[in-house]
Every structure is written in C-alpha cells, then in structure tokens.
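Enquirer: Take this structure first; my questions come after.
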Amino acid sequence: MSRNVISTSPSSTEILYALGVEPVAVSHACDFPPEAADLPTIDVSKVDAEASADRHEQVRAATANGHLYQMDAERIDDADPDLIVTQGVCGVCAVDDVLVDETLADLDADPEVLALDASRLEDVLECVHDVGQATGTEARADELVADLRERIATLEERVPAAPRPRTAVLEWMDPARPAGTWVPDVVDLAGGEYGLSEPGERSAPVEWDSFLEYDPEVLVVAPCGFDAERTREQFGELSDRPGWEDITAVREERVFILDGGAYLTRWTPRLVDAAERLATLCHPDEFGEPPADVVRL
C-alpha cells in the first residue's frame with residue numbers, strides 16, 4: 001500500500017520511519033531520523049522563549065486563547081495526503097487531532113486521519129500496530145513489536161528485585177515538572193521506584209518543597225524539547241534552588257541529563273532504549289556504565 005502520509009508529531013514520524021514509511025510532510029519539530037528534518041513542514045510554533053519559566057508562560061497563554069501551533073493549510077493541500085497521522089496525547093508537545101480536524105474543514109484535501117493516543121508503555125506498542133495497519137506495513141510492525149517485547153523481557157529478567165532506588169524524571173525545570181504517562185512504566189522496567197506520578201497520569205508541576213521531601217536517589221533531567229546540551233546550559237534553573245545540595249541524588253552524584261525528546265517525552269520505540277539507559281543508572285552493578293549520551297553531573 002503506497003500512500004501520501006503527513007505526520008503532525010515527532011512521535012508518529014519516528015514510528016512511520018521505523019516501519020519503512022517516509023512521510024511527504026512533517027511537523028516543524030520532527031528531527032529523527034535525521035532525514036525527517038529535510039521534509040516540508042506543515043506547522044509553526046508560537047513558543048520561542050529560551051528560559052523554561054518564560055516558555056511555560058508562553059504555552060499557558062497560547063493554549064488559553066486557542067492552539068499552540070498554526071498549520072500551513074496551503075502546504076497540506078499541496079502534499080495531497082491520503083493519510084494524516086496525528087495524536088491526541090498532548091496539544092503542547094505537537095499538533096493534535098483537534099487542530100487537524102479544524103484545519104481540514106477548510107481544505108480541499110480529504111485524507112484519512114489516524115489519531116494515535118498513548119498513556120502507558122503498552123499503548124505505545126499498540127500505536128506501532130495501528131500505524132502498520134493504516135500504512136500496509138503490518139508484518140514489519142509485528143516484527144518491530146516482537147523485538148521490543150523481547151528487549152523488555154530481557155530487562156525484566158535482569159533487573160534486581162531489590163533495592164529499587166527512588167527515582168525522579170523531570171520533563172521541565174521551571175516549574176519543576178515530574179514526567180508522567182508512560183515514564184513511570186519505563187522507570188519501573190528499569191528497576192527504579194517512581195513515587196511522583198502514577199502510571200498513565202498526565203504530568204503536573206510539583207512544589208519544590210514536595211520534591212525535596214521526595215528526595216530522589218536517582219534524578220534524571222530530560223526536559224521536553226531540549227537536547228542534553230541545552231539542558232546543561234540552563235541547568236541553573238534547578239541547581240540554584242535552595243536545598244539542591246541536600247538532595248540524595250546530588251550528594252551521591254547520581255544526577256543525569258538525558259535528551260528528553262530522544263528518549264522519554266516522545267511515545268516511540270526508543271522508550272525501550274530509555275529503559276535500558278535508566279537501568280544502568282538505577283543498577284550500575286548489574287548493567288554497567290551508561291552510554292555516552294547520558295550525561296552525569
């Protein structure tokens with residue numbers, strides 16, 4: 001089945017490429033695999049601030065008055081899509097199904113729309129199957145999911161039953177925002193204890209005093225949309241706060257930066273890569289040193 005496919009989120013773009021399907025157009029944030037960055041883009045973001053607190057405020061203001069993104073209707077029509085793969089996970093992270101439906105109402109194009117939704121790690125695997133069915137790549141989707149399940153089973157067998165270090169993953173620094181949805185599943189798979197959010201729950205800011213009280217033994221900082229270099233440049237948004245030096249993870253040098261977009265904030269097969277990396281942070285005696293793309297502070 002050969003189809004003109006538009007992807008409106010980095011997550012769906014990754015899944016499409018993993019199944020051997022190259023979209024005809026993507027969102028402005030699609031950067032993996034690298035060749036996706038060369039494709040025509042169908043949206044722009046209204047957020048451009050550098051500091052986390054300023055970006056947070058821009059997001060709040062934009063979503064209060066409408067959408068965070070603006071779609072390029074003419075470019076969508078030019079792409080003549082048969083299928084648009086969008087998402088209902090988070091209208092802040094990427095264009096969602098609501099904005100797609102509003103945009104298509106004014107266009108000549110009448111493509112099929114596949115809105116993916118995931119809140120748990122298992123849902124991500126189901127999304128791979130859904131995209132496979134929509135694009136005629138069911139066999140490849142089955143193979144990919146089988147491989148991911150095998151890697152998950154290997155982790156489950158290797159992770160020690162105890163101890164499970166108190167682990168925190170922050171998807172934003174100012175305000176401090178522990179990651180939710182599938183991240184508790186990923187931490188559990190890696191052998192950590194995640195007490196800041198229940199599996200499947202949307203993320204929410206946490207009071208700094210509450211975070212200090214939780215006192216993580218392993219802290220992973222992986223802001224949504226930031227690579228490791230940018231996170232390191234802005235790390236003072238966390239480390240300059242009162243009580244930082246008293247956190248167990250800080251005192252024991254178990255604070256790490258991870259590229260959030262690459263591994264944790266997108267619902268893609270690379271979540272299993274994330275679990276394998278977090279296992280090295282939670283249980284270094286069993287799994288050895290983390291890969292080079294994990295930055296220890």
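Residue names in the structure tokens use chain letters A, B, ... in the order shown, residue numbers from 1 in each chain, and ligand numbers from 1 in the order shown.
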Apply DSSP to the structure's backbone, then extract all residues of stretch 74-182 of chain A labelled strand (DSSP E) and return them as a ChimeraX atom specification.
Expert: /A:83-87,112-116,167-173,176-178
Enquirer: Please dump the current selection as a tab-separated table (two decimals), in the first residue's frame; keep N, CA and C atoms.
Expert:
chain	number	residue	atom	x	y	z
A	83	LEU	N	-3.36	10.12	3.98
A	83	LEU	CA	-3.41	9.78	5.40
A	83	LEU	C	-2.65	10.84	6.20
A	84	ILE	N	-3.26	11.32	7.27
A	84	ILE	CA	-2.57	12.17	8.23
A	84	ILE	C	-2.50	11.40	9.55
A	85	VAL	N	-1.28	11.19	10.01
A	85	VAL	CA	-1.09	10.54	11.31
A	85	VAL	C	-0.85	11.64	12.33
A	86	THR	N	-1.79	11.81	13.24
A	86	THR	CA	-1.70	12.84	14.26
A	86	THR	C	-1.79	12.19	15.63
A	87	GLN	N	-2.05	12.99	16.66
A	87	GLN	CA	-2.04	12.43	18.01
A	87	GLN	C	-3.02	13.16	18.92
A	112	GLU	N	-7.70	10.36	5.14
A	112	GLU	CA	-7.99	9.61	6.37
A	112	GLU	C	-7.13	10.20	7.48
A	113	VAL	N	-7.67	10.28	8.68
A	113	VAL	CA	-6.92	10.80	9.83
A	113	VAL	C	-6.81	9.69	10.88
A	114	LEU	N	-5.58	9.37	11.24
A	114	LEU	CA	-5.32	8.39	12.29
A	114	LEU	C	-4.78	9.14	13.50
A	115	ALA	N	-5.57	9.22	14.56
A	115	ALA	CA	-5.17	9.92	15.79
A	115	ALA	C	-4.66	8.89	16.79
A	116	LEU	N	-3.36	8.91	17.02
A	116	LEU	CA	-2.74	7.98	17.97
A	116	LEU	C	-2.86	8.53	19.38
A	167	THR	N	13.40	7.24	42.29
A	167	THR	CA	13.83	7.85	41.03
A	167	THR	C	12.88	8.98	40.65
A	168	ALA	N	13.44	10.05	40.13
A	168	ALA	CA	12.64	11.14	39.60
A	168	ALA	C	13.11	11.46	38.19
A	169	VAL	N	12.16	11.67	37.30
A	169	VAL	CA	12.45	12.14	35.95
A	169	VAL	C	11.72	13.47	35.77
A	170	LEU	N	12.46	14.53	35.52
A	170	LEU	CA	11.85	15.84	35.33
A	170	LEU	C	11.76	16.15	33.84
A	171	GLU	N	10.55	16.43	33.38
A	171	GLU	CA	10.37	16.81	31.97
A	171	GLU	C	10.33	18.33	31.80
A	172	TRP	N	10.47	19.07	32.90
A	172	TRP	CA	10.58	20.53	32.85
A	172	TRP	C	11.29	20.99	34.11
A	173	MET	N	12.06	22.08	34.00
A	173	MET	CA	12.85	22.53	35.14
A	173	MET	C	12.25	23.69	35.92
A	176	ALA	N	9.36	22.91	38.25
A	176	ALA	CA	9.75	21.51	38.25
A	176	ALA	C	8.53	20.65	37.94
A	177	ARG	N	8.68	19.78	36.93
A	177	ARG	CA	7.52	19.00	36.48
A	177	ARG	C	7.95	17.54	36.28
A	178	PRO	N	7.60	16.66	37.20
A	178	PRO	CA	7.93	15.25	37.02
A	178	PRO	C	7.17	14.66	35.83
Enquirer: Using only C-alpha atoms, determine which residues lie at most 8 Å from stretch 17-29 of chain A, disregarding the query and same-chain residues fewer than 5 positions distant; provide the list as an NGL selection string.
Expert: :A and (4-10 or 36-37 or 39-45 or 76 or 79 or 81 or 94-95 or 132 or 135 or 137 or 140-141)
Enquirer: Residues of the last selection are to be written out with N, CA and C atoms, as a CSV table (one decimal), in the first residue's frame.
Expert:
chain,number,residue,atom,x,y,z
A,4,ASN,N,0.4,8.8,0.4
A,4,ASN,CA,1.0,10.0,0.8
A,4,ASN,C,0.6,10.3,2.2
A,5,VAL,N,1.6,10.3,3.1
A,5,VAL,CA,1.3,10.4,4.5
A,5,VAL,C,1.9,11.6,5.1
A,6,ILE,N,1.1,12.4,5.9
A,6,ILE,CA,1.6,13.5,6.6
A,6,ILE,C,1.7,13.1,8.1
A,7,SER,N,2.7,13.5,8.8
A,7,SER,CA,2.8,13.2,10.2
A,7,SER,C,2.9,14.6,10.9
A,8,THR,N,2.0,14.7,12.0
A,8,THR,CA,2.0,16.0,12.7
A,8,THR,C,2.7,16.0,14.0
A,9,SER,N,3.5,14.9,14.3
A,9,SER,CA,4.2,14.9,15.5
A,9,SER,C,5.5,14.1,15.4
A,10,PRO,N,6.5,14.5,16.1
A,10,PRO,CA,7.8,13.7,16.1
A,10,PRO,C,7.6,12.3,16.4
A,36,ALA,N,14.3,13.3,8.4
A,36,ALA,CA,13.0,13.9,8.5
A,36,ALA,C,13.1,15.4,8.6
A,37,ALA,N,14.2,15.9,9.0
A,37,ALA,CA,14.3,17.4,9.1
A,37,ALA,C,14.4,18.0,7.7
A,39,LEU,N,12.3,17.3,5.2
A,39,LEU,CA,11.0,17.3,4.6
A,39,LEU,C,10.2,18.6,4.8
A,40,PRO,N,9.2,18.8,3.9
A,40,PRO,CA,8.4,20.0,4.1
A,40,PRO,C,7.7,20.0,5.5
A,41,THR,N,7.5,21.1,6.1
A,41,THR,CA,6.8,21.2,7.4
A,41,THR,C,5.5,21.8,7.3
A,42,ILE,N,4.5,21.4,8.1
A,42,ILE,CA,3.1,21.8,7.9
A,42,ILE,C,2.7,22.7,9.1
A,43,ASP,N,3.6,23.1,10.0
A,43,ASP,CA,3.1,23.9,11.2
A,43,ASP,C,4.3,24.8,11.7
A,44,VAL,N,3.9,25.7,12.5
A,44,VAL,CA,4.9,26.6,13.2
A,44,VAL,C,4.4,26.7,14.6
A,45,SER,N,5.3,26.9,15.5
A,45,SER,CA,5.0,27.0,16.9
A,45,SER,C,5.0,28.5,17.3
A,76,ILE,N,-0.4,21.7,3.2
A,76,ILE,CA,-1.1,20.4,3.3
A,76,ILE,C,-1.8,20.1,2.0
A,79,ALA,N,0.6,18.8,-0.6
A,79,ALA,CA,1.1,17.5,-0.3
A,79,ALA,C,0.1,16.4,-0.7
A,81,PRO,N,-2.4,14.7,0.8
A,81,PRO,CA,-2.2,13.5,1.6
A,81,PRO,C,-3.4,12.5,1.5
A,94,ALA,N,2.9,18.7,20.4
A,94,ALA,CA,2.8,18.7,18.9
A,94,ALA,C,1.3,19.0,18.5
A,95,VAL,N,1.2,19.2,17.2
A,95,VAL,CA,-0.2,19.4,16.7
A,95,VAL,C,-1.0,18.2,17.0
A,132,GLY,N,1.0,0.5,11.4
A,132,GLY,CA,1.3,-0.6,10.5
A,132,GLY,C,0.0,-1.0,9.7
A,135,THR,N,-0.9,1.8,7.1
A,135,THR,CA,0.0,2.0,6.0
A,135,THR,C,0.4,0.7,5.3
A,137,THR,N,1.9,-1.9,6.5
A,137,THR,CA,3.1,-2.5,6.9
A,137,THR,C,3.0,-3.3,8.2
A,140,ARG,N,5.9,-5.7,9.2
A,140,ARG,CA,7.0,-5.0,9.8
A,140,ARG,C,6.7,-4.5,11.2
A,141,ALA,N,5.5,-4.1,11.4
A,141,ALA,CA,5.0,-3.7,12.7
A,141,ALA,C,5.1,-4.8,13.7
Enquirer: Write out as a list in words the residues lying within 12 Å of stretch 243-246 of chain A, counting only C-alpha atoms and excluding same-chain residues fewer than 2 positions away.
Expert: Trp208, Asp209, Ser210, Phe211, Leu212, Glu213, Tyr214, Asp215, Pro216, Glu217, Leu219, Phe235, Gly236, Glu237, Leu238, Ser239, Asp240, Arg241, Thr248, Ala249, Val250, Arg251, Glu252, Glu253 and Val255 of chain A
Enquirer: If DSSP is run on the backbone, what residues of stretch 96-272 of chain A are alpha helix (DSSP H)? A reply as an mmCIF file with N, CA and C atoms, in the first residue's frame would be ideal.
Expert:
data_model
loop_
_atom_site.group_PDB
_atom_site.id
_atom_site.type_symbol
_atom_site.label_atom_id
_atom_site.label_comp_id
_atom_site.auth_asym_id
_atom_site.auth_seq_id
_atom_site.Cartn_x
_atom_site.Cartn_y
_atom_site.Cartn_z
ATOM 1 N N ASP A 97 -5.116 16.137 17.221
ATOM 2 C CA ASP A 97 -6.209 15.801 16.323
ATOM 3 C C ASP A 97 -7.253 16.913 16.233
ATOM 4 N N VAL A 98 -7.423 17.706 17.296
ATOM 5 C CA VAL A 98 -8.407 18.786 17.275
ATOM 6 C C VAL A 98 -8.017 19.839 16.236
ATOM 7 N N LEU A 99 -6.753 20.260 16.254
ATOM 8 C CA LEU A 99 -6.287 21.260 15.293
ATOM 9 C C LEU A 99 -6.305 20.707 13.872
ATOM 10 N N VAL A 100 -5.973 19.436 13.709
ATOM 11 C CA VAL A 100 -6.029 18.826 12.376
ATOM 12 C C VAL A 100 -7.448 18.867 11.831
ATOM 13 N N ASP A 101 -8.427 18.483 12.626
ATOM 14 C CA ASP A 101 -9.818 18.488 12.172
ATOM 15 C C ASP A 101 -10.277 19.893 11.823
ATOM 16 N N GLU A 102 -9.887 20.883 12.621
ATOM 17 C CA GLU A 102 -10.270 22.271 12.333
ATOM 18 C C GLU A 102 -9.653 22.742 11.022
ATOM 19 N N THR A 103 -8.402 22.359 10.773
ATOM 20 C CA THR A 103 -7.706 22.787 9.556
ATOM 21 C C THR A 103 -8.304 22.115 8.329
ATOM 22 N N LEU A 104 -8.570 20.829 8.403
ATOM 23 C CA LEU A 104 -9.096 20.084 7.250
ATOM 24 C C LEU A 104 -10.479 20.569 6.842
ATOM 25 N N LEU A 121 3.191 2.480 28.512
ATOM 26 C CA LEU A 121 4.168 1.889 27.591
ATOM 27 C C LEU A 121 3.503 0.876 26.670
ATOM 28 N N GLU A 122 2.582 0.106 27.190
ATOM 29 C CA GLU A 122 1.882 -0.874 26.356
ATOM 30 C C GLU A 122 1.119 -0.191 25.224
ATOM 31 N N ASP A 123 0.568 1.003 25.492
ATOM 32 C CA ASP A 123 -0.155 1.739 24.455
ATOM 33 C C ASP A 123 0.754 2.104 23.287
ATOM 34 N N VAL A 124 2.009 2.389 23.592
ATOM 35 C CA VAL A 124 2.964 2.760 22.544
ATOM 36 C C VAL A 124 3.140 1.598 21.561
ATOM 37 N N LEU A 125 3.218 0.391 22.090
ATOM 38 C CA LEU A 125 3.344 -0.770 21.218
ATOM 39 C C LEU A 125 2.093 -0.936 20.355
ATOM 40 N N GLU A 126 0.933 -0.637 20.914
ATOM 41 C CA GLU A 126 -0.295 -0.710 20.138
ATOM 42 C C GLU A 126 -0.318 0.352 19.043
ATOM 43 N N CYS A 127 0.272 1.521 19.319
ATOM 44 C CA CYS A 127 0.346 2.562 18.290
ATOM 45 C C CYS A 127 1.150 2.088 17.081
ATOM 46 N N VAL A 128 2.214 1.338 17.327
ATOM 47 C CA VAL A 128 3.009 0.785 16.224
ATOM 48 C C VAL A 128 2.131 -0.112 15.361
ATOM 49 N N HIS A 129 1.335 -0.964 15.991
ATOM 50 C CA HIS A 129 0.421 -1.828 15.231
ATOM 51 C C HIS A 129 -0.598 -0.999 14.449
ATOM 52 N N ASP A 130 -1.126 0.065 15.058
ATOM 53 C CA ASP A 130 -2.129 0.897 14.386
ATOM 54 C C ASP A 130 -1.557 1.552 13.130
ATOM 55 N N VAL A 131 -0.338 2.071 13.245
ATOM 56 C CA VAL A 131 0.292 2.695 12.077
ATOM 57 C C VAL A 131 0.588 1.641 11.012
ATOM 58 N N GLY A 132 1.016 0.471 11.434
ATOM 59 C CA GLY A 132 1.258 -0.614 10.485
ATOM 60 C C GLY A 132 0.016 -0.974 9.708
ATOM 61 N N GLN A 133 -1.117 -1.041 10.381
ATOM 62 C CA GLN A 133 -2.369 -1.378 9.710
ATOM 63 C C GLN A 133 -2.791 -0.277 8.742
ATOM 64 N N ALA A 134 -2.598 0.984 9.137
ATOM 65 C CA ALA A 134 -3.021 2.108 8.299
ATOM 66 C C ALA A 134 -2.141 2.278 7.070
ATOM 67 N N THR A 135 -0.901 1.805 7.135
ATOM 68 C CA THR A 135 0.049 2.014 6.037
ATOM 69 C C THR A 135 0.397 0.724 5.290
ATOM 70 N N GLU A 138 1.858 -4.108 8.174
ATOM 71 C CA GLU A 138 1.539 -4.905 9.361
ATOM 72 C C GLU A 138 2.655 -5.875 9.727
ATOM 73 N N ALA A 139 3.252 -6.521 8.734
ATOM 74 C CA ALA A 139 4.285 -7.521 9.021
ATOM 75 C C ALA A 139 5.496 -6.862 9.682
ATOM 76 N N ARG A 140 5.879 -5.720 9.168
ATOM 77 C CA ARG A 140 7.029 -5.023 9.755
ATOM 78 C C ARG A 140 6.696 -4.539 11.170
ATOM 79 N N ALA A 141 5.457 -4.093 11.376
ATOM 80 C CA ALA A 141 5.047 -3.664 12.711
ATOM 81 C C ALA A 141 5.099 -4.834 13.694
ATOM 82 N N ASP A 142 4.638 -6.002 13.239
ATOM 83 C CA ASP A 142 4.679 -7.190 14.104
ATOM 84 C C ASP A 142 6.116 -7.533 14.490
ATOM 85 N N GLU A 143 7.016 -7.442 13.528
ATOM 86 C CA GLU A 143 8.428 -7.752 13.815
ATOM 87 C C GLU A 143 9.024 -6.753 14.800
ATOM 88 N N LEU A 144 8.720 -5.475 14.607
ATOM 89 C CA LEU A 144 9.267 -4.445 15.495
ATOM 90 C C LEU A 144 8.753 -4.628 16.920
ATOM 91 N N VAL A 145 7.459 -4.849 17.059
ATOM 92 C CA VAL A 145 6.887 -5.015 18.402
ATOM 93 C C VAL A 145 7.433 -6.270 19.065
ATOM 94 N N ALA A 146 7.594 -7.341 18.296
ATOM 95 C CA ALA A 146 8.155 -8.575 18.863
ATOM 96 C C ALA A 146 9.571 -8.337 19.379
ATOM 97 N N ASP A 147 10.369 -7.573 18.641
ATOM 98 C CA ASP A 147 11.727 -7.257 19.080
ATOM 99 C C ASP A 147 11.707 -6.416 20.351
ATOM 100 N N LEU A 148 10.815 -5.429 20.404
ATOM 101 C CA LEU A 148 10.709 -4.583 21.595
ATOM 102 C C LEU A 148 10.286 -5.400 22.810
ATOM 103 N N ARG A 149 9.344 -6.304 22.613
ATOM 104 C CA ARG A 149 8.890 -7.141 23.735
ATOM 105 C C ARG A 149 10.014 -8.060 24.221
ATOM 106 N N GLU A 150 10.837 -8.529 23.320
ATOM 107 C CA GLU A 150 11.959 -9.366 23.725
ATOM 108 C C GLU A 150 12.950 -8.566 24.568
ATOM 109 N N ARG A 151 13.213 -7.339 24.167
ATOM 110 C CA ARG A 151 14.122 -6.492 24.954
ATOM 111 C C ARG A 151 13.515 -6.159 26.318
ATOM 112 N N ILE A 152 12.218 -5.931 26.365
ATOM 113 C CA ILE A 152 11.539 -5.676 27.635
ATOM 114 C C ILE A 152 11.650 -6.889 28.551
ATOM 115 N N ALA A 153 11.437 -8.071 27.996
ATOM 116 C CA ALA A 153 11.529 -9.294 28.796
ATOM 117 C C ALA A 153 12.942 -9.495 29.337
ATOM 118 N N THR A 154 13.941 -9.156 28.534
ATOM 119 C CA THR A 154 15.334 -9.286 28.982
ATOM 120 C C THR A 154 15.607 -8.365 30.161
ATOM 121 N N LEU A 155 15.102 -7.124 30.082
ATOM 122 C CA LEU A 155 15.268 -6.199 31.198
ATOM 123 C C LEU A 155 14.588 -6.731 32.454
ATOM 124 N N GLU A 156 13.376 -7.207 32.307
ATOM 125 C CA GLU A 156 12.629 -7.717 33.457
ATOM 126 C C GLU A 156 13.364 -8.866 34.142
ATOM 127 N N GLU A 157 14.051 -9.687 33.352
ATOM 128 C CA GLU A 157 14.790 -10.812 33.915
ATOM 129 C C GLU A 157 16.047 -10.359 34.641
ATOM 130 N N ARG A 158 16.684 -9.291 34.146
ATOM 131 C CA ARG A 158 17.977 -8.870 34.693
ATOM 132 C C ARG A 158 17.875 -7.917 35.876
ATOM 133 N N VAL A 183 6.231 7.273 31.526
ATOM 134 C CA VAL A 183 7.532 7.316 32.203
ATOM 135 C C VAL A 183 7.555 6.468 33.472
ATOM 136 N N PRO A 184 6.503 6.459 34.317
ATOM 137 C CA PRO A 184 6.536 5.527 35.450
ATOM 138 C C PRO A 184 6.718 4.070 35.026
ATOM 139 N N ASP A 185 6.127 3.671 33.910
ATOM 140 C CA ASP A 185 6.329 2.308 33.394
ATOM 141 C C ASP A 185 7.786 2.083 33.013
ATOM 142 N N VAL A 186 8.382 3.077 32.363
ATOM 143 C CA VAL A 186 9.771 2.957 31.920
ATOM 144 C C VAL A 186 10.701 2.853 33.132
ATOM 145 N N VAL A 187 10.447 3.683 34.152
ATOM 146 C CA VAL A 187 11.279 3.629 35.360
ATOM 147 C C VAL A 187 11.110 2.295 36.068
ATOM 148 N N ASP A 188 9.882 1.814 36.163
ATOM 149 C CA ASP A 188 9.638 0.515 36.791
ATOM 150 C C ASP A 188 10.362 -0.589 36.046
ATOM 151 N N LEU A 189 10.316 -0.543 34.716
ATOM 152 C CA LEU A 189 11.010 -1.538 33.903
ATOM 153 C C LEU A 189 12.512 -1.490 34.141
ATOM 154 N N ALA A 190 13.035 -0.304 34.391
ATOM 155 C CA ALA A 190 14.471 -0.126 34.627
ATOM 156 C C ALA A 190 14.888 -0.476 36.045
ATOM 157 N N TRP A 208 8.360 22.779 44.959
ATOM 158 C CA TRP A 208 9.772 22.452 45.188
ATOM 159 C C TRP A 208 9.969 21.777 46.542
ATOM 160 N N ASP A 209 9.253 22.228 47.564
ATOM 161 C CA ASP A 209 9.377 21.602 48.880
ATOM 162 C C ASP A 209 8.939 20.136 48.832
ATOM 163 N N SER A 210 7.917 19.842 48.044
ATOM 164 C CA SER A 210 7.460 18.451 47.914
ATOM 165 C C SER A 210 8.506 17.607 47.207
ATOM 166 N N PHE A 211 9.174 18.208 46.233
ATOM 167 C CA PHE A 211 10.230 17.483 45.530
ATOM 168 C C PHE A 211 11.390 17.190 46.477
ATOM 169 N N LEU A 212 11.758 18.184 47.296
ATOM 170 C CA LEU A 212 12.830 17.966 48.263
ATOM 171 C C LEU A 212 12.441 16.892 49.270
ATOM 172 N N GLU A 213 11.183 16.852 49.639
ATOM 173 C CA GLU A 213 10.718 15.842 50.589
ATOM 174 C C GLU A 213 10.784 14.444 49.971
ATOM 175 N N TYR A 214 10.470 14.351 48.689
ATOM 176 C CA TYR A 214 10.583 13.059 47.997
ATOM 177 C C TYR A 214 12.029 12.573 47.983
ATOM 178 N N ALA A 228 20.481 17.407 25.321
ATOM 179 C CA ALA A 228 21.318 17.394 26.529
ATOM 180 C C ALA A 228 22.111 18.688 26.671
ATOM 181 N N GLU A 229 22.600 19.231 25.572
ATOM 182 C CA GLU A 229 23.415 20.445 25.636
ATOM 183 C C GLU A 229 22.600 21.624 26.153
ATOM 184 N N ARG A 230 21.397 21.780 25.633
ATOM 185 C CA ARG A 230 20.575 22.906 26.086
ATOM 186 C C ARG A 230 20.173 22.732 27.551
ATOM 187 N N THR A 231 19.876 21.498 27.953
ATOM 188 C CA THR A 231 19.535 21.254 29.348
ATOM 189 C C THR A 231 20.684 21.649 30.260
ATOM 190 N N ARG A 232 21.899 21.309 29.843
ATOM 191 C CA ARG A 232 23.063 21.634 30.663
ATOM 192 C C ARG A 232 23.258 23.143 30.753
ATOM 193 N N GLU A 233 23.020 23.851 29.656
ATOM 194 C CA GLU A 233 23.183 25.308 29.641
ATOM 195 C C GLU A 233 22.220 25.982 30.611
ATOM 196 N N GLY A 236 21.015 25.661 35.771
ATOM 197 C CA GLY A 236 20.907 26.506 36.955
ATOM 198 C C GLY A 236 19.466 26.746 37.383
ATOM 199 N N GLU A 237 18.511 26.576 36.452
ATOM 200 C CA GLU A 237 17.099 26.707 36.814
ATOM 201 C C GLU A 237 16.715 25.709 37.906
ATOM 202 N N LEU A 238 17.459 24.604 37.994
ATOM 203 C CA LEU A 238 17.263 23.625 39.066
ATOM 204 C C LEU A 238 18.285 23.794 40.175
ATOM 205 N N SER A 239 19.556 23.782 39.779
ATOM 206 C CA SER A 239 20.629 23.664 40.776
ATOM 207 C C SER A 239 20.818 24.917 41.626
ATOM 208 N N THR A 248 19.561 13.650 47.961
ATOM 209 C CA THR A 248 20.413 12.453 47.998
ATOM 210 C C THR A 248 21.095 12.208 46.663
ATOM 211 N N ALA A 249 20.367 12.337 45.561
ATOM 212 C CA ALA A 249 20.958 12.099 44.236
ATOM 213 C C ALA A 249 22.105 13.063 43.964
ATOM 214 N N VAL A 250 21.991 14.291 44.449
ATOM 215 C CA VAL A 250 23.050 15.279 44.260
ATOM 216 C C VAL A 250 24.258 14.902 45.107
ATOM 217 N N ARG A 251 24.028 14.576 46.375
ATOM 218 C CA ARG A 251 25.133 14.241 47.275
ATOM 219 C C ARG A 251 25.877 12.980 46.814
ATOM 220 N N GLY A 260 15.571 14.538 26.386
ATOM 221 C CA GLY A 260 14.178 14.185 26.599
ATOM 222 C C GLY A 260 13.452 13.816 25.318
ATOM 223 N N GLY A 261 13.653 14.619 24.260
ATOM 224 C CA GLY A 261 12.977 14.340 23.004
ATOM 225 C C GLY A 261 13.394 13.029 22.384
ATOM 226 N N ALA A 262 14.628 12.651 22.599
ATOM 227 C CA ALA A 262 15.108 11.412 22.002
ATOM 228 C C ALA A 262 14.584 10.184 22.719
ATOM 229 N N TYR A 263 14.424 10.269 24.043
ATOM 230 C CA TYR A 263 14.209 9.030 24.784
ATOM 231 C C TYR A 263 12.974 8.962 25.661
ATOM 232 N N ARG A 270 11.804 4.145 20.941
ATOM 233 C CA ARG A 270 13.004 4.487 21.708
ATOM 234 C C ARG A 270 12.739 4.569 23.217
ATOM 235 N N LEU A 271 11.492 4.424 23.651
ATOM 236 C CA LEU A 271 11.233 4.322 25.078
ATOM 237 C C LEU A 271 11.899 3.083 25.671
ATOM 238 N N VAL A 272 12.032 2.042 24.870
ATOM 239 C CA VAL A 272 12.744 0.860 25.357
ATOM 240 C C VAL A 272 14.236 1.161 25.474
#
Enquirer: In Å, rounded to a single decimal, give me how far atom CA of A:Val206 is from atom CA of A:Pro175.
Expert: 7.5 Å
Enquirer: Please measure the separation of atom CA of A:Ser119 and atom CA of A:Phe226, giving the value in Å to one decimal.
Expert: 21.1 Å
Enquirer: Name the closest residue to A:Val159 among the candidates A:Ala73, A:Leu278, A:Gly191, A:Gly200; distances are taken between atoms, counting only C-alpha atoms.
Expert: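 Of A:Ala73, A:Leu278, A:Gly191, A:Gly200, the one nearest A:Val159 is A:Gly191, counting only C-alpha atoms.
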